[in-house]
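Visitor: Next up is a structure, given as structure tokens.
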Amino acid sequence: MVSFITVTDTVYMKRALVLARRAQGTTSPNPMVGAVLVKQGRIIAEGYHKKAGTPHAEAIAIDAAGSRAAGSTLYVTLEPCCHKDKRTPPCTEKIIRSKISKVVIAMIDPNPKVSGKGVEELKKAGITTVSGILDKKARDLNEVYIKHITKKSPFVVLKVAMTLDGKNCNSTRRVQVDHRRKGPQGSASPAQQSRCHSDRYRHGKSGRSATYLQDGKWKGPDTDHP
Ligand SMILES: [Zn+2]
């Protein structure tokens, strides 16, 4: 539920979203998350999750702030985690220990292990909690994670080089694909970029050329393609 939203809240949450996007393509299967700590109208620390198994955004920001975190407001793009069956400790415990007084959240974590429970823990500890700030932007940022966690199925992206009349190869049954080229409409939107880069390290580096044969096999420099 959204309540007590101010323009300032939106500004700081936008900053947290920018931080989260810095790790685009490297956090899978975890979501991209950014965090900003604000005290007396100033940002005192920032953080973002870089890779699964490494510290979460909130933990990085809190560690950077040290004792100054007490009494501050945490802006975080995803509900802080509260479950223990993972490689990093729950962020809710760290937030409570650091004596942060308010937590502003963009979106509730769709992961059933967290979903609403993180907020409840914070509230029980007496921390003011607000959620839903720029919720749509946070959901767009993590659409791959949301699909994975709610549907238990991969987010599939199909990129096809195709002519306007629906052909995808020439008379020799081959087509040269150059990922570096932008389409005639210019740069891709942030959401399109997110899809293109969501798992690029698993499926081959973007910005390289590859030859796709009509029978579905790859040939050429993209040897890391399956
Ligand atoms: Zn966490």
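If you're wondering about the labels, chains in the structure tokens are A, B, ... by order shown, residues count from 1 in each chain, ligands from 1 in order shown.
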Given a cut-off of 12 Å, what residues near ligand 1 show up using only C-alpha atoms and all ligand atoms, put as a compact mmCIF listing (two decimals) with N, CA and C atoms, in the first residue's frame?

Guide:
# COMPACT_ATOMS: atom_id res chain seq x y z
N ASN A 30 19.56 -13.85 -9.05
CA ASN A 30 19.05 -12.83 -8.12
C ASN A 30 18.54 -11.61 -8.90
N PRO A 31 17.73 -10.79 -8.25
CA PRO A 31 17.27 -9.56 -8.90
C PRO A 31 18.32 -8.46 -8.81
N MET A 32 18.14 -7.42 -9.60
CA MET A 32 18.96 -6.22 -9.46
C MET A 32 18.34 -5.39 -8.33
N VAL A 33 19.16 -4.95 -7.39
CA VAL A 33 18.65 -4.17 -6.26
C VAL A 33 19.62 -3.02 -5.95
N GLY A 34 19.05 -1.85 -5.72
CA GLY A 34 19.85 -0.69 -5.32
C GLY A 34 19.34 -0.14 -4.01
N ALA A 35 20.25 0.51 -3.23
CA ALA A 35 19.87 1.06 -1.93
C ALA A 35 20.57 2.38 -1.68
N GLY A 47 24.52 1.60 -2.24
CA GLY A 47 24.99 0.26 -2.56
C GLY A 47 24.10 -0.41 -3.58
N TYR A 48 24.62 -1.40 -4.25
CA TYR A 48 23.79 -2.21 -5.15
C TYR A 48 24.34 -3.63 -5.19
N HIS A 49 23.43 -4.57 -5.42
CA HIS A 49 23.81 -5.98 -5.45
C HIS A 49 24.51 -6.27 -6.77
N ALA A 52 25.13 -12.85 -7.42
CA ALA A 52 24.59 -13.81 -6.46
C ALA A 52 25.70 -14.33 -5.55
N GLY A 53 25.42 -14.38 -4.26
CA GLY A 53 26.41 -14.86 -3.30
C GLY A 53 27.23 -13.74 -2.67
N THR A 54 27.14 -12.54 -3.24
CA THR A 54 27.86 -11.39 -2.67
C THR A 54 26.86 -10.53 -1.88
N PRO A 55 27.35 -9.58 -1.04
CA PRO A 55 26.45 -8.80 -0.19
C PRO A 55 25.31 -8.10 -0.95
N HIS A 56 24.17 -8.02 -0.27
CA HIS A 56 23.01 -7.36 -0.86
C HIS A 56 23.18 -5.83 -0.78
N ALA A 57 22.38 -5.14 -1.56
CA ALA A 57 22.49 -3.68 -1.67
C ALA A 57 22.39 -2.99 -0.31
N GLU A 58 21.41 -3.44 0.50
CA GLU A 58 21.20 -2.81 1.81
C GLU A 58 22.44 -2.99 2.69
N ALA A 59 23.00 -4.20 2.68
CA ALA A 59 24.16 -4.49 3.52
C ALA A 59 25.36 -3.62 3.12
N ILE A 60 25.54 -3.45 1.82
CA ILE A 60 26.67 -2.63 1.34
C ILE A 60 26.51 -1.19 1.81
N ALA A 61 25.30 -0.65 1.67
CA ALA A 61 25.06 0.75 2.07
C ALA A 61 25.22 0.91 3.58
N ILE A 62 24.71 -0.05 4.35
CA ILE A 62 24.79 0.05 5.82
C ILE A 62 26.25 -0.04 6.27
N VAL A 76 15.19 1.43 -0.78
CA VAL A 76 15.64 0.19 -1.42
C VAL A 76 14.61 -0.25 -2.47
N THR A 77 15.10 -0.73 -3.60
CA THR A 77 14.21 -1.01 -4.73
C THR A 77 13.42 -2.30 -4.58
N LEU A 78 13.82 -3.18 -3.65
CA LEU A 78 13.11 -4.44 -3.43
C LEU A 78 12.99 -4.68 -1.92
N GLU A 79 11.90 -5.26 -1.51
CA GLU A 79 11.68 -5.56 -0.09
C GLU A 79 12.91 -6.30 0.49
N PRO A 80 13.44 -5.84 1.61
CA PRO A 80 14.61 -6.51 2.21
C PRO A 80 14.31 -7.98 2.53
N CYS A 81 15.31 -8.82 2.30
CA CYS A 81 15.12 -10.26 2.52
C CYS A 81 15.11 -10.59 4.02
N CYS A 82 14.42 -11.69 4.37
CA CYS A 82 14.33 -12.08 5.78
C CYS A 82 14.57 -13.57 5.95
N HIS A 83 14.81 -14.30 4.85
CA HIS A 83 14.99 -15.74 4.96
C HIS A 83 16.47 -16.08 5.14
N LYS A 84 16.71 -17.28 5.70
CA LYS A 84 18.08 -17.62 6.09
C LYS A 84 18.70 -18.73 5.25
N ASP A 85 17.93 -19.35 4.37
CA ASP A 85 18.47 -20.46 3.59
C ASP A 85 19.17 -19.96 2.32
N LYS A 86 20.15 -19.11 2.51
CA LYS A 86 20.93 -18.59 1.39
C LYS A 86 22.33 -18.21 1.87
N ARG A 87 23.18 -17.80 0.95
CA ARG A 87 24.58 -17.59 1.29
C ARG A 87 24.85 -16.31 2.09
N THR A 88 23.93 -15.36 2.06
CA THR A 88 24.13 -14.11 2.79
C THR A 88 23.07 -13.98 3.88
N PRO A 89 23.40 -13.32 5.00
CA PRO A 89 22.44 -13.20 6.11
C PRO A 89 21.26 -12.30 5.74
N PRO A 90 20.14 -12.43 6.47
CA PRO A 90 18.95 -11.62 6.15
C PRO A 90 19.23 -10.12 6.32
N CYS A 91 18.78 -9.34 5.35
CA CYS A 91 18.99 -7.89 5.42
C CYS A 91 18.14 -7.26 6.52
N THR A 92 16.98 -7.86 6.81
CA THR A 92 16.12 -7.27 7.84
C THR A 92 16.86 -7.21 9.18
N GLU A 93 17.60 -8.27 9.51
CA GLU A 93 18.33 -8.28 10.79
C GLU A 93 19.37 -7.17 10.82
N LYS A 94 20.05 -6.99 9.70
CA LYS A 94 21.10 -5.96 9.64
C LYS A 94 20.49 -4.56 9.75
N ILE A 95 19.34 -4.38 9.10
CA ILE A 95 18.65 -3.07 9.15
C ILE A 95 18.24 -2.75 10.59
N ASP A 109 8.88 -8.10 -2.55
CA ASP A 109 9.55 -9.23 -3.21
C ASP A 109 8.52 -10.34 -3.53
N ASN A 111 9.14 -13.30 -4.20
CA ASN A 111 9.63 -14.57 -3.68
C ASN A 111 8.79 -14.97 -2.46
N LYS A 113 9.27 -16.77 -0.05
CA LYS A 113 10.03 -16.82 1.21
C LYS A 113 10.12 -15.45 1.88
N VAL A 114 9.88 -14.42 1.10
CA VAL A 114 9.99 -13.04 1.62
C VAL A 114 8.63 -12.34 1.61
N GLY A 118 9.32 -9.63 5.07
CA GLY A 118 10.41 -8.69 5.35
C GLY A 118 9.86 -7.41 5.95

Visitor: Go through A:Ser153, A:Asp63, A:Thr128, A:Pro112 one by one, measure the shortest atom-to-atom distance of each to Arg97 (chain A) using only C-alpha atoms, and give the residue with the smallest value.

Guide: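 Looking at the shortest contact to Arg97 (chain A), the residue is A:Asp63.
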
Visitor: Mind pulling up the distance from CA of Val11 (chain A) to CA of Gly25 (chain A)?

Guide: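 Atom-to-atom, CA of Gly25 (chain A) to CA of Val11 (chain A), that is 24.6 Å.
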
Visitor: Between CA of Ala161 (chain A) and CA of Val144 (chain A), what is the distance in Å, rounded to a tenth?

Guide: 22.5 Å

Visitor: Pull the strand (DSSP E or B) assignments for region 10-196 of chain A out of DSSP run on the backbone, and list those residues as a PDB file with N, CA and C atoms, in the first residue's frame.

Guide:
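File produced: selection_26.pdb:
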ATOM      1  N   GLY A  34      19.050  -1.850  -5.715  1.00  0.00           N
ATOM      2  CA  GLY A  34      19.852  -0.691  -5.324  1.00  0.00           C
ATOM      3  C   GLY A  34      19.343  -0.137  -4.008  1.00  0.00           C
ATOM      4  N   ALA A  35      20.247   0.506  -3.232  1.00  0.00           N
ATOM      5  CA  ALA A  35      19.866   1.060  -1.928  1.00  0.00           C
ATOM      6  C   ALA A  35      20.575   2.384  -1.680  1.00  0.00           C
ATOM      7  N   VAL A  36      19.845   3.294  -1.052  1.00  0.00           N
ATOM      8  CA  VAL A  36      20.397   4.609  -0.706  1.00  0.00           C
ATOM      9  C   VAL A  36      20.042   4.905   0.744  1.00  0.00           C
ATOM     10  N   LEU A  37      21.017   5.357   1.521  1.00  0.00           N
ATOM     11  CA  LEU A  37      20.760   5.761   2.905  1.00  0.00           C
ATOM     12  C   LEU A  37      20.782   7.279   2.990  1.00  0.00           C
ATOM     13  N   VAL A  38      19.720   7.837   3.558  1.00  0.00           N
ATOM     14  CA  VAL A  38      19.581   9.297   3.622  1.00  0.00           C
ATOM     15  C   VAL A  38      19.425   9.727   5.078  1.00  0.00           C
ATOM     16  N   LYS A  39      20.172  10.757   5.443  1.00  0.00           N
ATOM     17  CA  LYS A  39      20.068  11.285   6.810  1.00  0.00           C
ATOM     18  C   LYS A  39      20.136  12.805   6.772  1.00  0.00           C
ATOM     19  N   ARG A  42      20.524  14.342   3.314  1.00  0.00           N
ATOM     20  CA  ARG A  42      21.709  14.062   2.492  1.00  0.00           C
ATOM     21  C   ARG A  42      21.925  12.551   2.348  1.00  0.00           C
ATOM     22  N   ILE A  43      22.415  12.157   1.178  1.00  0.00           N
ATOM     23  CA  ILE A  43      22.763  10.747   0.979  1.00  0.00           C
ATOM     24  C   ILE A  43      24.073  10.475   1.715  1.00  0.00           C
ATOM     25  N   ILE A  44      24.034   9.521   2.641  1.00  0.00           N
ATOM     26  CA  ILE A  44      25.261   9.215   3.405  1.00  0.00           C
ATOM     27  C   ILE A  44      25.929   7.926   2.929  1.00  0.00           C
ATOM     28  N   ALA A  45      25.190   7.095   2.187  1.00  0.00           N
ATOM     29  CA  ALA A  45      25.801   5.858   1.668  1.00  0.00           C
ATOM     30  C   ALA A  45      24.900   5.251   0.593  1.00  0.00           C
ATOM     31  N   GLU A  46      25.516   4.481  -0.295  1.00  0.00           N
ATOM     32  CA  GLU A  46      24.776   3.828  -1.381  1.00  0.00           C
ATOM     33  C   GLU A  46      25.303   2.407  -1.564  1.00  0.00           C
ATOM     34  N   GLY A  47      24.516   1.596  -2.242  1.00  0.00           N
ATOM     35  CA  GLY A  47      24.990   0.255  -2.556  1.00  0.00           C
ATOM     36  C   GLY A  47      24.096  -0.406  -3.579  1.00  0.00           C
ATOM     37  N   TYR A  48      24.619  -1.404  -4.252  1.00  0.00           N
ATOM     38  CA  TYR A  48      23.793  -2.206  -5.155  1.00  0.00           C
ATOM     39  C   TYR A  48      24.342  -3.629  -5.187  1.00  0.00           C
ATOM     40  N   THR A  73      17.131   7.029   6.872  1.00  0.00           N
ATOM     41  CA  THR A  73      16.075   6.393   6.076  1.00  0.00           C
ATOM     42  C   THR A  73      16.726   5.590   4.960  1.00  0.00           C
ATOM     43  N   LEU A  74      16.293   4.348   4.818  1.00  0.00           N
ATOM     44  CA  LEU A  74      16.817   3.479   3.761  1.00  0.00           C
ATOM     45  C   LEU A  74      15.828   3.451   2.602  1.00  0.00           C
ATOM     46  N   TYR A  75      16.301   3.766   1.412  1.00  0.00           N
ATOM     47  CA  TYR A  75      15.508   3.612   0.188  1.00  0.00           C
ATOM     48  C   TYR A  75      16.038   2.386  -0.541  1.00  0.00           C
ATOM     49  N   VAL A  76      15.190   1.426  -0.781  1.00  0.00           N
ATOM     50  CA  VAL A  76      15.637   0.191  -1.419  1.00  0.00           C
ATOM     51  C   VAL A  76      14.613  -0.250  -2.465  1.00  0.00           C
ATOM     52  N   THR A  77      15.103  -0.729  -3.600  1.00  0.00           N
ATOM     53  CA  THR A  77      14.209  -1.010  -4.734  1.00  0.00           C
ATOM     54  C   THR A  77      13.419  -2.302  -4.580  1.00  0.00           C
ATOM     55  N   LEU A  78      13.816  -3.179  -3.650  1.00  0.00           N
ATOM     56  CA  LEU A  78      13.108  -4.439  -3.427  1.00  0.00           C
ATOM     57  C   LEU A  78      12.991  -4.682  -1.918  1.00  0.00           C
ATOM     58  N   LYS A 102      13.600   4.371   9.265  1.00  0.00           N
ATOM     59  CA  LYS A 102      12.534   4.282   8.256  1.00  0.00           C
ATOM     60  C   LYS A 102      13.058   3.549   7.024  1.00  0.00           C
ATOM     61  N   VAL A 103      12.214   2.710   6.445  1.00  0.00           N
ATOM     62  CA  VAL A 103      12.584   1.987   5.216  1.00  0.00           C
ATOM     63  C   VAL A 103      11.524   2.264   4.149  1.00  0.00           C
ATOM     64  N   VAL A 104      11.966   2.777   3.009  1.00  0.00           N
ATOM     65  CA  VAL A 104      11.075   3.048   1.885  1.00  0.00           C
ATOM     66  C   VAL A 104      11.396   2.043   0.784  1.00  0.00           C
ATOM     67  N   ILE A 105      10.393   1.317   0.349  1.00  0.00           N
ATOM     68  CA  ILE A 105      10.587   0.187  -0.573  1.00  0.00           C
ATOM     69  C   ILE A 105       9.841   0.439  -1.879  1.00  0.00           C
ATOM     70  N   ALA A 106      10.476   0.101  -3.009  1.00  0.00           N
ATOM     71  CA  ALA A 106       9.783   0.248  -4.298  1.00  0.00           C
ATOM     72  C   ALA A 106       8.778  -0.883  -4.490  1.00  0.00           C
ATOM     73  N   MET A 107       9.233  -2.121  -4.431  1.00  0.00           N
ATOM     74  CA  MET A 107       8.317  -3.249  -4.679  1.00  0.00           C
ATOM     75  C   MET A 107       8.500  -4.359  -3.648  1.00  0.00           C
ATOM     76  N   THR A 128       9.464   2.428  10.743  1.00  0.00           N
ATOM     77  CA  THR A 128       8.427   2.919   9.829  1.00  0.00           C
ATOM     78  C   THR A 128       8.722   2.368   8.439  1.00  0.00           C
ATOM     79  N   THR A 129       7.735   1.784   7.802  1.00  0.00           N
ATOM     80  CA  THR A 129       7.953   1.146   6.499  1.00  0.00           C
ATOM     81  C   THR A 129       6.912   1.628   5.489  1.00  0.00           C
ATOM     82  N   VAL A 130       7.384   2.045   4.335  1.00  0.00           N
ATOM     83  CA  VAL A 130       6.505   2.495   3.257  1.00  0.00           C
ATOM     84  C   VAL A 130       6.883   1.719   2.008  1.00  0.00           C
ATOM     85  N   SER A 131       5.894   1.224   1.286  1.00  0.00           N
ATOM     86  CA  SER A 131       6.209   0.475   0.057  1.00  0.00           C
ATOM     87  C   SER A 131       5.358   0.968  -1.112  1.00  0.00           C
ATOM     88  N   ARG A 174      22.128 -18.613 -45.238  1.00  0.00           N
ATOM     89  CA  ARG A 174      22.892 -18.056 -44.133  1.00  0.00           C
ATOM     90  C   ARG A 174      22.521 -16.591 -43.943  1.00  0.00           C
ATOM     91  N   VAL A 175      22.695 -16.122 -42.714  1.00  0.00           N
ATOM     92  CA  VAL A 175      22.487 -14.701 -42.423  1.00  0.00           C
ATOM     93  C   VAL A 175      23.544 -14.266 -41.418  1.00  0.00           C
ATOM     94  N   GLN A 176      24.110 -13.091 -41.657  1.00  0.00           N
ATOM     95  CA  GLN A 176      25.122 -12.564 -40.747  1.00  0.00           C
ATOM     96  C   GLN A 176      24.442 -11.622 -39.761  1.00  0.00           C
ATOM     97  N   VAL A 177      24.613 -11.903 -38.471  1.00  0.00           N
ATOM     98  CA  VAL A 177      23.986 -11.076 -37.429  1.00  0.00           C
ATOM     99  C   VAL A 177      25.058 -10.248 -36.748  1.00  0.00           C
ATOM    100  N   ASP A 178      24.856  -8.954 -36.684  1.00  0.00           N
ATOM    101  CA  ASP A 178      25.794  -8.074 -35.995  1.00  0.00           C
ATOM    102  C   ASP A 178      25.064  -7.397 -34.847  1.00  0.00           C
ATOM    103  N   GLY A 183      19.078  -0.598 -34.636  1.00  0.00           N
ATOM    104  CA  GLY A 183      18.043  -0.602 -35.657  1.00  0.00           C
ATOM    105  C   GLY A 183      17.776   0.792 -36.179  1.00  0.00           C
ATOM    106  N   GLY A 186      16.874   3.709 -33.866  1.00  0.00           N
ATOM    107  CA  GLY A 186      17.803   4.262 -32.891  1.00  0.00           C
ATOM    108  C   GLY A 186      18.023   3.324 -31.726  1.00  0.00           C
TER     109      GLY A 186
END

Visitor: Please indicate the distance in Å from CA of Pro110 (chain A) to CA of Ile149 (chain A), rounded to one decimal place.

Guide: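 CA of Ile149 (chain A) lies 7.0 Å from CA of Pro110 (chain A).
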